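The structure file query.txt is reproduced below (compact mmCIF, C-alpha atoms and all ligand atoms).
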# COMPACT_ATOMS: atom_id res chain seq x y z
CA MET G 1 -9.95 61.32 -55.31
CA SER G 2 -13.05 59.50 -56.55
CA GLY G 3 -12.30 56.52 -58.78
CA GLN G 4 -8.55 56.84 -58.30
CA ASN G 5 -6.38 53.85 -57.53
CA LEU G 6 -3.44 54.69 -55.29
CA VAL G 7 -0.20 52.91 -54.51
CA LEU G 8 1.32 53.22 -51.04
CA ILE G 9 5.11 53.38 -51.23
CA PHE G 10 7.54 52.54 -48.45
CA ASN G 11 11.21 53.50 -48.58
CA CYS G 12 13.04 52.18 -45.52
CA GLY G 13 16.51 53.64 -44.98
CA SER G 14 18.97 52.73 -42.25
CA SER G 15 17.33 55.08 -39.72
CA SER G 16 14.29 56.46 -41.52
CA LEU G 17 11.08 55.35 -43.19
CA LYS G 18 9.61 57.46 -45.99
CA PHE G 19 6.11 56.85 -47.32
CA SER G 20 3.81 58.28 -49.95
CA ALA G 21 0.52 57.51 -51.65
CA ILE G 22 0.61 58.09 -55.41
CA ASP G 23 -1.77 57.76 -58.31
CA PRO G 24 0.28 55.65 -60.76
CA ALA G 25 -1.69 56.97 -63.73
CA SER G 26 -1.02 60.67 -63.16
CA GLY G 27 1.84 60.70 -60.65
CA GLU G 28 -0.30 62.84 -58.32
CA GLU G 29 0.81 62.51 -54.71
CA HIS G 30 -1.94 62.39 -52.06
CA LEU G 31 0.16 61.77 -48.98
CA ASN G 32 3.81 61.90 -48.13
CA GLY G 33 5.77 61.73 -44.95
CA GLN G 34 8.60 60.20 -43.07
CA ALA G 35 9.72 58.86 -39.74
CA ASP G 36 13.19 60.22 -39.03
CA ALA G 37 15.89 59.47 -36.49
CA LEU G 38 14.40 56.05 -35.66
CA ASN G 39 15.82 54.47 -32.52
CA THR G 40 16.89 57.84 -31.11
CA SER G 41 15.20 60.14 -28.57
CA SER G 42 14.33 62.64 -31.34
CA ALA G 43 12.41 60.09 -33.47
CA VAL G 44 9.33 61.69 -35.01
CA LEU G 45 6.71 60.84 -37.62
CA LYS G 46 5.77 63.71 -39.96
CA TRP G 47 3.37 63.87 -42.89
CA LEU G 48 1.63 66.08 -45.41
CA TYR G 49 -1.96 65.03 -46.19
CA CYS G 50 -4.54 67.19 -48.01
CA ASN G 51 -2.02 70.09 -47.86
CA LYS G 52 -1.97 69.86 -44.06
CA GLU G 53 1.18 69.07 -42.14
CA GLY G 54 1.04 66.81 -39.12
CA LYS G 55 3.42 65.10 -36.75
CA GLN G 56 3.50 62.58 -33.95
CA PRO G 57 6.44 61.91 -31.60
CA LEU G 58 7.83 58.38 -31.56
CA SER G 59 9.48 56.53 -28.68
CA PRO G 60 13.21 55.76 -28.83
CA GLY G 61 12.39 52.04 -29.07
CA ASP G 62 10.06 52.50 -32.06
CA ASP G 63 11.16 50.63 -35.17
CA TYR G 64 9.67 50.05 -38.64
CA ASP G 65 6.96 47.84 -37.08
CA SER G 66 5.79 50.59 -34.74
CA VAL G 67 5.86 53.26 -37.45
CA ILE G 68 3.84 51.13 -39.85
CA GLY G 69 1.50 50.31 -36.92
CA ALA G 70 1.04 54.06 -36.33
CA LEU G 71 0.28 54.53 -40.03
CA VAL G 72 -2.28 51.70 -40.00
CA GLU G 73 -4.11 53.50 -37.18
CA ARG G 74 -4.14 56.75 -39.16
CA PHE G 75 -5.42 54.90 -42.24
CA ALA G 76 -8.37 53.66 -40.11
CA ASP G 77 -9.10 57.26 -39.13
CA PRO G 78 -8.58 60.11 -40.17
CA TRP G 79 -7.13 58.89 -43.50
CA SER G 80 -9.91 56.36 -44.15
CA GLU G 81 -10.88 58.02 -47.43
CA LEU G 82 -7.35 57.47 -48.68
CA ARG G 83 -7.32 53.91 -47.34
CA ASN G 84 -10.27 52.97 -49.58
CA HIS G 85 -8.27 53.86 -52.67
CA LEU G 86 -5.12 51.85 -51.89
CA VAL G 87 -4.74 48.97 -54.34
CA ALA G 88 -1.10 47.90 -53.86
CA ILE G 89 2.07 48.58 -51.91
CA GLY G 90 5.50 49.21 -53.48
CA HIS G 91 8.72 48.83 -51.49
CA ARG G 92 11.95 50.49 -52.56
CA VAL G 93 14.78 47.99 -52.06
CA VAL G 94 18.32 49.24 -52.59
CA HIS G 95 20.09 46.04 -53.62
CA GLY G 96 18.77 43.21 -55.74
CA GLY G 97 22.25 41.92 -56.66
CA GLU G 98 22.18 39.84 -59.83
CA LEU G 99 18.94 38.17 -58.74
CA PHE G 100 16.59 40.92 -59.94
CA ALA G 101 16.60 42.62 -63.34
CA ASP G 102 13.01 43.78 -62.78
CA SER G 103 10.64 44.53 -59.92
CA ALA G 104 9.08 41.47 -58.28
CA PRO G 105 5.85 40.51 -56.45
CA ILE G 106 6.73 39.80 -52.84
CA ASP G 107 6.54 36.16 -51.79
CA THR G 108 8.74 33.90 -49.65
CA ASN G 109 11.23 33.30 -52.50
CA VAL G 110 11.63 37.03 -53.13
CA LEU G 111 12.07 37.68 -49.41
CA SER G 112 14.84 35.04 -49.27
CA ALA G 113 16.52 36.57 -52.32
CA ILE G 114 16.44 40.06 -50.75
CA ARG G 115 17.91 38.53 -47.60
CA ALA G 116 20.67 36.94 -49.70
CA CYS G 117 21.59 40.42 -50.99
CA CYS G 118 21.99 41.85 -47.46
CA GLU G 119 25.75 41.43 -47.47
CA LEU G 120 25.91 43.72 -50.53
CA ALA G 121 23.88 46.47 -48.77
CA PRO G 122 24.23 45.80 -45.03
CA LEU G 123 22.68 49.11 -43.94
CA HIS G 124 19.77 49.22 -46.38
CA ASN G 125 18.49 45.75 -47.28
CA PRO G 126 17.85 44.61 -43.66
CA ALA G 127 15.84 47.82 -43.14
CA ALA G 128 13.81 47.17 -46.30
CA LEU G 129 13.15 43.60 -45.15
CA GLN G 130 11.87 44.79 -41.77
CA GLY G 131 9.61 47.31 -43.49
CA ILE G 132 8.26 44.66 -45.87
CA GLN G 133 7.59 42.18 -43.06
CA ALA G 134 5.73 44.82 -41.04
CA SER G 135 3.77 45.90 -44.11
CA LEU G 136 2.77 42.30 -44.96
CA VAL G 137 1.29 41.98 -41.47
CA ALA G 138 -0.37 45.41 -41.55
CA PHE G 139 -1.85 45.22 -45.06
CA PRO G 140 -2.36 41.48 -45.72
CA GLU G 141 -5.07 42.09 -48.31
CA LEU G 142 -2.95 44.27 -50.64
CA PRO G 143 -0.48 42.95 -53.23
CA GLN G 144 3.08 44.07 -52.41
CA VAL G 145 5.95 44.56 -54.84
CA ALA G 146 9.70 45.08 -54.39
CA VAL G 147 11.30 47.68 -56.70
CA PHE G 148 15.09 47.51 -56.78
CA ASP G 149 17.52 50.42 -57.23
CA THR G 150 19.97 48.10 -58.94
CA ALA G 151 17.56 46.37 -61.36
CA PHE G 152 17.76 48.99 -64.13
CA HIS G 153 21.54 48.51 -64.35
CA GLN G 154 21.40 44.73 -64.83
CA SER G 155 21.66 45.46 -68.57
CA LEU G 156 25.28 46.63 -68.17
CA PRO G 157 27.63 44.55 -70.33
CA ASP G 158 30.30 42.50 -68.54
CA TYR G 159 33.12 44.79 -69.74
CA ALA G 160 31.37 47.67 -67.94
CA TYR G 161 30.43 45.92 -64.71
CA LEU G 162 33.55 43.87 -63.97
CA TYR G 163 36.39 45.19 -61.82
CA ALA G 164 39.91 44.30 -62.90
CA LEU G 165 40.33 41.98 -59.93
CA PRO G 166 41.01 38.23 -60.16
CA PHE G 167 37.87 36.81 -61.81
CA ARG G 168 37.15 34.51 -58.87
CA PHE G 169 36.03 37.51 -56.77
CA TYR G 170 33.16 37.94 -59.20
CA ARG G 171 32.52 34.21 -59.64
CA ASP G 172 32.65 33.30 -55.95
CA HIS G 173 31.55 36.51 -54.19
CA HIS G 174 29.53 38.46 -56.81
CA LEU G 175 31.86 41.45 -56.45
CA ARG G 176 31.09 43.69 -59.42
CA ARG G 177 29.62 47.07 -60.23
CA TYR G 178 25.83 47.18 -59.63
CA GLY G 179 24.89 50.87 -59.78
CA MET G 180 22.11 52.66 -57.88
CA HIS G 181 19.43 55.35 -58.52
CA GLY G 182 17.90 52.96 -61.09
CA SER G 183 14.32 54.27 -60.82
CA SER G 184 15.51 57.84 -61.30
CA HIS G 185 17.70 57.12 -64.33
CA ARG G 186 14.95 55.02 -65.89
CA TYR G 187 12.47 57.87 -65.51
CA ILE G 188 14.96 60.31 -67.06
CA GLY G 189 15.41 58.01 -70.08
CA GLU G 190 11.64 57.67 -70.55
CA ARG G 191 10.91 61.36 -70.06
CA SER G 192 13.73 62.33 -72.45
CA ALA G 193 12.08 60.24 -75.17
CA GLU G 194 8.81 62.13 -74.57
CA LEU G 195 10.53 65.53 -74.67
CA LEU G 196 12.49 64.61 -77.82
CA LYS G 197 9.30 63.09 -79.34
CA LYS G 198 11.22 59.99 -80.39
CA PRO G 199 10.79 56.28 -79.53
CA ILE G 200 12.88 55.39 -76.49
CA ASN G 201 14.73 52.61 -78.33
CA ASN G 202 16.08 55.21 -80.79
CA ILE G 203 17.61 57.63 -78.30
CA ASN G 204 20.75 57.80 -76.19
CA VAL G 205 20.77 59.76 -72.96
CA ILE G 206 23.31 60.76 -70.32
CA SER G 207 21.44 61.13 -67.04
CA ALA G 208 23.16 63.03 -64.22
CA HIS G 209 21.34 62.41 -60.92
CA LEU G 210 22.94 64.98 -58.61
CA GLY G 211 21.57 64.96 -55.09
CA ASN G 212 23.26 64.33 -51.79
CA GLY G 213 24.14 61.01 -53.44
CA ALA G 214 25.10 61.42 -57.10
CA SER G 215 25.47 59.12 -60.08
CA LEU G 216 25.71 59.26 -63.84
CA CYS G 217 24.09 56.79 -66.23
CA ALA G 218 24.57 56.13 -69.93
CA ILE G 219 21.22 55.01 -71.34
CA LYS G 220 21.16 53.47 -74.83
CA GLY G 221 17.75 52.77 -76.33
CA GLY G 222 16.16 52.81 -72.85
CA GLN G 223 18.76 50.45 -71.31
CA SER G 224 21.49 51.31 -68.84
CA VAL G 225 24.87 50.53 -70.44
CA ASP G 226 27.12 52.19 -67.87
CA THR G 227 26.75 53.92 -64.54
CA SER G 228 29.11 55.54 -62.08
CA MET G 229 28.18 53.86 -58.78
CA GLY G 230 29.69 50.44 -58.23
CA LEU G 231 29.42 47.59 -55.75
CA THR G 232 28.41 50.31 -53.28
CA PRO G 233 27.26 53.92 -53.70
CA LEU G 234 30.80 55.14 -52.93
CA GLU G 235 32.19 54.88 -56.47
CA GLY G 236 32.08 57.60 -59.10
CA LEU G 237 31.15 61.24 -58.71
CA VAL G 238 31.99 63.54 -55.80
CA MET G 239 28.93 63.57 -53.50
CA GLY G 240 27.67 65.48 -50.47
CA SER G 241 29.75 63.53 -47.99
CA ARG G 242 31.00 60.56 -50.07
CA CYS G 243 34.36 60.72 -51.82
CA GLY G 244 33.52 58.99 -55.13
CA ASP G 245 36.50 57.61 -57.09
CA LEU G 246 39.83 57.28 -55.25
CA ASP G 247 43.16 55.61 -55.83
CA PRO G 248 42.60 52.25 -54.03
CA GLY G 249 46.24 52.52 -52.92
CA LEU G 250 45.20 55.45 -50.78
CA LEU G 251 43.09 53.09 -48.66
CA LEU G 252 46.13 50.87 -48.12
CA HIS G 253 48.10 53.94 -47.13
CA LEU G 254 45.42 55.09 -44.67
CA GLY G 255 45.46 51.64 -43.06
CA GLU G 256 49.20 51.11 -43.03
CA ALA G 257 50.66 54.57 -42.46
CA LEU G 258 47.84 56.29 -40.57
CA ASP G 259 46.43 53.26 -38.75
CA TYR G 260 42.82 53.66 -39.92
CA SER G 261 40.47 50.84 -38.88
CA LEU G 262 37.72 49.58 -41.21
CA ALA G 263 35.09 51.42 -39.14
CA GLU G 264 37.09 54.66 -39.38
CA LEU G 265 37.48 54.21 -43.14
CA GLU G 266 33.75 53.68 -43.52
CA GLN G 267 33.07 56.89 -41.61
CA LEU G 268 35.72 58.85 -43.53
CA LEU G 269 34.69 57.77 -47.02
CA ASN G 270 30.91 57.80 -46.61
CA ARG G 271 30.28 60.58 -44.14
CA ASN G 272 33.23 62.98 -43.90
CA SER G 273 34.39 63.30 -47.51
CA GLY G 274 32.99 64.79 -50.72
CA LEU G 275 31.76 68.40 -50.69
CA LEU G 276 31.79 68.38 -46.89
CA GLY G 277 35.35 67.09 -46.59
CA ILE G 278 36.87 69.43 -49.16
CA SER G 279 35.00 72.57 -48.09
CA GLU G 280 35.35 71.88 -44.35
CA LEU G 281 31.99 73.62 -44.21
CA SER G 282 28.96 71.68 -45.48
CA ASN G 283 27.70 68.80 -47.62
CA ASP G 284 24.89 71.03 -48.87
CA CYS G 285 25.35 72.52 -52.34
CA ARG G 286 23.08 75.49 -51.72
CA GLU G 287 24.95 76.43 -48.56
CA LEU G 288 28.26 76.09 -50.41
CA GLU G 289 27.09 78.33 -53.24
CA GLU G 290 26.12 80.98 -50.70
CA ALA G 291 29.50 80.67 -48.98
CA MET G 292 31.33 80.81 -52.32
CA ALA G 293 29.52 84.04 -53.16
CA LYS G 294 30.94 85.47 -49.92
CA GLY G 295 34.47 84.37 -50.88
CA HIS G 296 34.81 81.07 -48.95
CA ALA G 297 37.77 79.38 -50.68
CA GLY G 298 36.94 75.84 -49.47
CA ALA G 299 33.36 76.06 -50.74
CA SER G 300 34.55 77.29 -54.11
CA LEU G 301 37.17 74.52 -54.43
CA ALA G 302 34.70 71.79 -53.40
CA LEU G 303 32.15 72.89 -56.02
CA LYS G 304 34.83 73.17 -58.68
CA ILE G 305 36.08 69.62 -58.02
CA PHE G 306 32.46 68.37 -58.04
CA CYS G 307 31.82 69.86 -61.51
CA TYR G 308 35.20 68.87 -62.98
CA ARG G 309 34.74 65.21 -61.98
CA LEU G 310 31.19 65.28 -63.32
CA ALA G 311 32.28 66.77 -66.66
CA LYS G 312 34.99 64.11 -67.05
CA TYR G 313 32.41 61.37 -66.46
CA ILE G 314 30.00 62.93 -68.96
CA ALA G 315 32.77 63.01 -71.56
CA ALA G 316 33.62 59.37 -70.81
CA TYR G 317 30.02 58.28 -71.35
CA THR G 318 30.13 59.42 -74.96
CA VAL G 319 32.23 56.23 -75.42
CA PRO G 320 29.43 53.66 -74.87
CA LEU G 321 26.78 55.91 -76.45
CA THR G 322 28.72 57.13 -79.55
CA ARG G 323 25.82 59.56 -80.20
CA VAL G 324 24.23 61.50 -77.32
CA ASP G 325 20.68 62.80 -77.89
CA SER G 326 20.25 64.45 -74.52
CA LEU G 327 22.25 65.32 -71.46
CA VAL G 328 19.94 65.61 -68.45
CA PHE G 329 20.47 67.19 -65.04
CA THR G 330 18.25 65.93 -62.20
CA GLY G 331 18.24 65.49 -58.39
CA GLY G 332 18.27 68.37 -55.90
CA ILE G 333 21.49 69.89 -57.30
CA GLY G 334 20.85 69.08 -60.96
CA GLU G 335 17.33 70.51 -60.81
CA ASN G 336 18.21 73.67 -58.89
CA SER G 337 21.82 74.74 -59.28
CA ALA G 338 22.28 76.91 -62.37
CA TRP G 339 25.90 77.41 -61.23
CA VAL G 340 26.73 73.67 -61.24
CA ARG G 341 25.10 73.23 -64.67
CA ARG G 342 27.06 76.18 -66.10
CA GLU G 343 30.39 75.17 -64.59
CA THR G 344 29.99 71.55 -65.73
CA THR G 345 28.94 72.27 -69.31
CA GLY G 346 31.73 74.88 -69.51
CA TRP G 347 34.19 71.95 -69.50
CA LEU G 348 32.32 70.25 -72.37
CA SER G 349 32.42 72.84 -75.15
CA GLN G 350 34.46 70.49 -77.39
CA PHE G 351 31.30 68.34 -77.65
CA GLY G 352 29.34 71.37 -78.88
CA TYR G 353 27.43 71.91 -75.61
CA GLN G 354 26.34 75.52 -75.11
CA LEU G 355 23.93 76.76 -72.46
CA ASP G 356 21.15 79.24 -73.06
CA GLU G 357 22.11 81.32 -70.02
CA GLU G 358 18.67 82.80 -69.53
CA CYS G 359 16.91 79.39 -69.57
CA ASN G 360 19.56 77.95 -67.29
CA GLU G 361 19.05 80.68 -64.70
CA LYS G 362 15.26 80.37 -64.85
CA ILE G 363 14.89 76.60 -64.44
CA ARG G 364 14.62 75.49 -60.82
CA PHE G 365 12.02 74.57 -58.18
CA ASP G 366 10.48 71.58 -59.93
CA ALA G 367 10.57 73.11 -63.41
CA GLU G 368 11.41 71.11 -66.52
CA GLY G 369 12.87 72.23 -69.83
CA ARG G 370 15.69 72.62 -72.34
CA ILE G 371 18.60 74.79 -71.21
CA SER G 372 20.85 74.47 -74.31
CA LYS G 373 21.08 77.05 -77.11
CA VAL G 374 19.00 76.39 -80.20
CA GLY G 375 21.05 74.41 -82.74
CA THR G 376 23.42 72.93 -80.12
CA PRO G 377 23.20 69.44 -78.49
CA ASP G 378 20.20 69.11 -76.19
CA ILE G 379 20.63 69.66 -72.47
CA PHE G 380 17.53 69.26 -70.28
CA VAL G 381 16.61 69.74 -66.66
CA ILE G 382 14.04 67.11 -65.65
CA PRO G 383 12.77 66.82 -62.06
CA THR G 384 13.10 63.17 -61.16
CA ARG G 385 10.06 61.16 -60.07
CA GLU G 386 11.42 58.01 -58.41
CA GLU G 387 8.23 57.42 -56.42
CA TRP G 388 6.11 57.61 -59.56
CA VAL G 389 8.32 54.99 -61.24
CA ILE G 390 7.91 52.77 -58.17
CA ALA G 391 4.12 53.29 -58.23
CA ARG G 392 3.90 52.45 -61.94
CA ASP G 393 6.05 49.38 -61.54
CA THR G 394 4.05 48.22 -58.54
CA ILE G 395 0.81 48.34 -60.54
CA ARG G 396 2.42 46.67 -63.57
CA ILE G 397 3.81 43.80 -61.51
CA ALA G 398 0.81 43.47 -59.19
CA SER G 399 -1.66 43.21 -62.09
CA ARG G 400 0.56 40.65 -63.83
CA ALA G 401 0.75 38.56 -60.64
CA SER G 402 -3.01 38.61 -59.91
P1 LIG R 501 18.53 65.53 -52.97
O1 LIG R 501 19.43 64.53 -52.28
O2 LIG R 501 18.14 65.12 -54.35
O3 LIG R 501 17.36 65.96 -52.12
O4 LIG R 501 19.42 66.88 -53.17
C1 LIG R 501 19.97 67.58 -52.09
C2 LIG R 501 20.98 68.59 -52.63
O5 LIG R 501 20.31 69.50 -53.51
C3 LIG R 501 21.63 69.42 -51.52
O6 LIG R 501 23.03 69.50 -51.75
C4 LIG R 501 20.99 70.78 -51.71
O7 LIG R 501 21.80 71.84 -51.30
C5 LIG R 501 20.82 70.81 -53.22
N1 LIG R 501 19.90 71.90 -53.60
C6 LIG R 501 18.57 71.98 -53.35
N2 LIG R 501 18.11 73.20 -53.76
C7 LIG R 501 19.17 73.88 -54.27
C8 LIG R 501 19.35 75.18 -54.85
N3 LIG R 501 18.33 76.02 -54.99
N4 LIG R 501 20.58 75.53 -55.26
C9 LIG R 501 21.63 74.69 -55.13
N5 LIG R 501 21.52 73.44 -54.58
C10 LIG R 501 20.31 73.05 -54.16

Represent the structure contained in this file as structure tokens.
Ligand code: AMP
Amino acid sequence: MSGQNLVLIFNCGSSSLKFSAIDPASGEEHLNGQADALNTSSAVLKWLYCNKEGKQPLSPGDDYDSVIGALVERFADPWSELRNHLVAIGHRVVHGGELFADSAPIDTNVLSAIRACCELAPLHNPAALQGIQASLVAFPELPQVAVFDTAFHQSLPDYAYLYALPFRFYRDHHLRRYGMHGSSHRYIGERSAELLKKPINNINVISAHLGNGASLCAIKGGQSVDTSMGLTPLEGLVMGSRCGDLDPGLLLHLGEALDYSLAELEQLLNRNSGLLGISELSNDCRELEEAMAKGHAGASLALKIFCYRLAKYIAAYTVPLTRVDSLVFTGGIGENSAWVRRETTGWLSQFGYQLDEECNEKIRFDAEGRISKVGTPDIFVIPTREEWVIARDTIRIASRAS
């Protein structure tokens, strides 16, 4: 570790806090861990440091403050060697609204702006704010930077981000499409340029981030020009337990004819739909593939709908890009499921896409490479590195601010 500068990254979710320490130059990870099930009786802090796993139970009342407090103690001892290498802290913030098109050094104005975006991400932004406040107290000597999931998509043109609602909803309430997974899509654009050995401003990429949450992004010359998530992460692709695109009239019907309350709709659309809802089995792609192999009809239908919707979106994104230099699969499903990649590209043969079946079967478990046949349009699998993007941005912004 000698001579290395490390960035500590905090990612505060609605009931979890993930952290890692990364070398922004190489992407090497020296520590990672998370506190799960915060505010419940099973709350626990777990980590991996120097290839050794550790854990510490938390109390039901423990919040982001207590978790960061517990980390500060560990950084004093036994992680003091790591502590000496920390040069900055990066915070993942889900929603930056229209206020942030780039990462930002944390100060009182930035904190107020993040607070102003809370109504756009009521579960996530308040959690990020609590994490930032606790981290400012715990590490007062380190520069701290906010890295927004939405910032990469601020380059969307108005005809892509506006909903066809009366314009005043945008003007008065900022209701528009924002997109998420920005750090992941940005990395995929940059890494594609390296793999294609071309300058990023000369290439067009379709990035398919397929994890438990899933989104597609059309990247033109390194800039996001369309993306499938909207005001919230619900829009777009079929996801683990989120429905993705729906007829908005269906929501009216659920309210009027079936008496659904707003809270019940939130639960239905975010937590009980998608792969889980269709299969009536699981939100987990791997589990569904195993069940499909044993003849489970629901699992097979759920995966088929997932791939069909994805293929339609990929076809649609040829519109803003006109020429596509690479189609990239990433995220837990995109990186590991040869079946999803085969089924999806099977729908896209009219665009010339053809898989090299052997490469497709081989690439998984953090591997990277081309999976298309020689002489056909490029399809890559690229493991995403969101934390590395956050670490690099943190250093870029922190050194500019100092
Ligand atoms: P993420 O949210 O990016 O961690 O991705 C989680 C998703 O990746 C889950 O649906 C997992 O089932 C899926 N996944 C991980 N490994 C595999 C695999 N070997 N085959 C199929 N799906 C996988």

Can I get the residues close to ligand LIG 501 (chain R) as a JSON list (two decimals) with C-alpha atoms, keeping the file's coordinate frame, where close means within 8 Å and we count all atoms listed in the file?
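Listing of pocket_12.json after writing:
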[["chain", "number", "residue", "atom", "x", "y", "z"],
["G", 209, "HIS", "CA", 21.34, 62.41, -60.92],
["G", 210, "LEU", "CA", 22.94, 64.98, -58.61],
["G", 211, "GLY", "CA", 21.57, 64.96, -55.09],
["G", 212, "ASN", "CA", 23.26, 64.33, -51.79],
["G", 213, "GLY", "CA", 24.14, 61.01, -53.44],
["G", 240, "GLY", "CA", 27.67, 65.48, -50.47],
["G", 283, "ASN", "CA", 27.70, 68.80, -47.62],
["G", 284, "ASP", "CA", 24.89, 71.03, -48.87],
["G", 285, "CYS", "CA", 25.35, 72.52, -52.34],
["G", 286, "ARG", "CA", 23.08, 75.49, -51.72],
["G", 287, "GLU", "CA", 24.95, 76.43, -48.56],
["G", 288, "LEU", "CA", 28.26, 76.09, -50.41],
["G", 289, "GLU", "CA", 27.09, 78.33, -53.24],
["G", 330, "THR", "CA", 18.25, 65.93, -62.20],
["G", 331, "GLY", "CA", 18.24, 65.49, -58.39],
["G", 332, "GLY", "CA", 18.27, 68.37, -55.90],
["G", 333, "ILE", "CA", 21.49, 69.89, -57.30],
["G", 334, "GLY", "CA", 20.85, 69.08, -60.96],
["G", 335, "GLU", "CA", 17.33, 70.51, -60.81],
["G", 336, "ASN", "CA", 18.21, 73.67, -58.89],
["G", 337, "SER", "CA", 21.82, 74.74, -59.28],
["G", 338, "ALA", "CA", 22.28, 76.91, -62.37],
["G", 339, "TRP", "CA", 25.90, 77.41, -61.23],
["G", 364, "ARG", "CA", 14.62, 75.49, -60.82],
["G", 365, "PHE", "CA", 12.02, 74.57, -58.18]]

Residues of stretch 158-205 of chain G that have any atom at most 10 Å from an atom of stretch 95-99 of chain G: could you tabulate them with the shortest-distance atom pair and the distance in Å to one decimal, using all atoms listed in the file, ordered by chain and increasing number, as a tab-separated table?
residue	atom	partner	partner_atom	distance
G:His174	CA	G:Gly97	CA	8.1
G:Leu175	CA	G:Gly97	CA	9.6
G:Arg176	CA	G:Gly97	CA	9.4
G:Arg177	CA	G:Gly97	CA	9.7
G:Tyr178	CA	G:Gly97	CA	7.0
G:Gly179	CA	G:His95	CA	9.2
G:Met180	CA	G:His95	CA	8.1

Residues within 7 Å of stretch 57-67 of chain G, please, as a JSON list (two decimals) with C-alpha atoms, in the coordinates of the input. Count all atoms listed in the file; anything in the same chain fewer than 3 positions from it doesn't count.
[["chain", "number", "residue", "atom", "x", "y", "z"],
["G", 38, "LEU", "CA", 14.40, 56.05, -35.66],
["G", 39, "ASN", "CA", 15.82, 54.47, -32.52],
["G", 40, "THR", "CA", 16.89, 57.84, -31.11],
["G", 41, "SER", "CA", 15.20, 60.14, -28.57],
["G", 43, "ALA", "CA", 12.41, 60.09, -33.47],
["G", 44, "VAL", "CA", 9.33, 61.69, -35.01],
["G", 45, "LEU", "CA", 6.71, 60.84, -37.62],
["G", 70, "ALA", "CA", 1.04, 54.06, -36.33],
["G", 71, "LEU", "CA", 0.28, 54.53, -40.03],
["G", 130, "GLN", "CA", 11.87, 44.79, -41.77],
["G", 131, "GLY", "CA", 9.61, 47.31, -43.49],
["G", 134, "ALA", "CA", 5.73, 44.82, -41.04]]

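Between atom CA of G:Tyr49 and atom CA of G:Gly369 the interatomic distance comes to 28.8 Å.
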
With a cut-off of 10 Å, could you pull out the residues of stretch 282-351 of chain G touching stretch 270-276 of chain G and give me the nearest pair of atoms for each, distance in Å to one decimal, using only C-alpha atoms, ordered by chain and ascending number, as a tab-separated table?
residue	atom	partner	partner_atom	distance
G:Ser282	CA	G:Leu276	CA	4.6
G:Asn283	CA	G:Leu276	CA	4.2
G:Asp284	CA	G:Leu275	CA	7.6
G:Cys285	CA	G:Leu275	CA	7.8
G:Leu288	CA	G:Leu275	CA	8.5
G:Gly298	CA	G:Leu275	CA	9.1
G:Ala299	CA	G:Leu275	CA	7.8
G:Ser300	CA	G:Leu275	CA	9.9
G:Leu301	CA	G:Leu275	CA	9.0
G:Ala302	CA	G:Leu275	CA	5.2
G:Leu303	CA	G:Leu275	CA	7.0
G:Lys304	CA	G:Leu275	CA	9.8
G:Ile305	CA	G:Leu275	CA	8.6
G:Phe306	CA	G:Leu275	CA	7.4

Minimum-distance residue to G:Met229, chosen among G:Asp158, G:Asp149, G:Glu357, G:Asp247 (using all atoms listed in the file)
G:Asp149

Given all atoms listed in the file as the counted atoms, nearest of G:Lys18, G:Ile395, G:Ala127, G:Ala146 to G:Leu111
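Closest to G:Leu111, using all atoms listed in the file: G:Ala146.
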
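A cut-off of 12 Å from the point (17.2, 81.8, -68.3), with only C-alpha atoms, picks out the residues Ala338, Arg342, Leu355, Asp356, Glu357, Glu358, Cys359, Asn360, Glu361, Lys362, Ile363, Arg364, Ala367, Gly369, Arg370, Ile371, Ser372 and Lys373 of chain G.
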
Have a look at G:His124, G:Arg171, G:Lys220, G:Lys52 and name the one nearest to G:Ala193; count all atoms listed in the file.
G:Lys220

So the first atom is atom CA of G:Ala151 and the second is atom CA of G:Glu387; what is the distance between them in Å, to one decimal place?
15.3 Å

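Distances to G:His30 were evaluated for G:Trp388, G:Gly13, G:Gly277, G:Ala398 using all atoms listed in the file, and the minimum falls at G:Trp388.
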
Could you tell me how far atom CA of G:Ile206 lies from atom CA of G:Ser103, in Å and to one decimal?
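Answer for the atom CA of G:Ile206 to atom CA of G:Ser103 separation: 23.1 Å.
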
Mind checking which residues fall within 12 Å of G:Val205, counting all atoms listed in the file, ignoring those fewer than 4 positions away in the same chain, and posting them as JSON, numbers by chain?
{"G": [185, 186, 187, 188, 189, 190, 191, 192, 193, 195, 196, 200, 201, 216, 217, 218, 219, 220, 221, 222, 223, 224, 225, 226, 227, 314, 317, 318, 320, 321, 322, 323, 324, 325, 326, 327, 328, 329, 377, 378, 379, 380]}

Closest of G:Val147, G:Val94, G:Ala128, G:Leu48 to G:Ser16 - atom-to-atom distances counting only C-alpha atoms:
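The closest residue to G:Ser16 is G:Ala128.
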
For G:Glu73, which residue among G:Ala138, G:Leu234, G:Leu250, G:Ala101 is the nearest when counting all atoms listed in the file?
G:Ala138
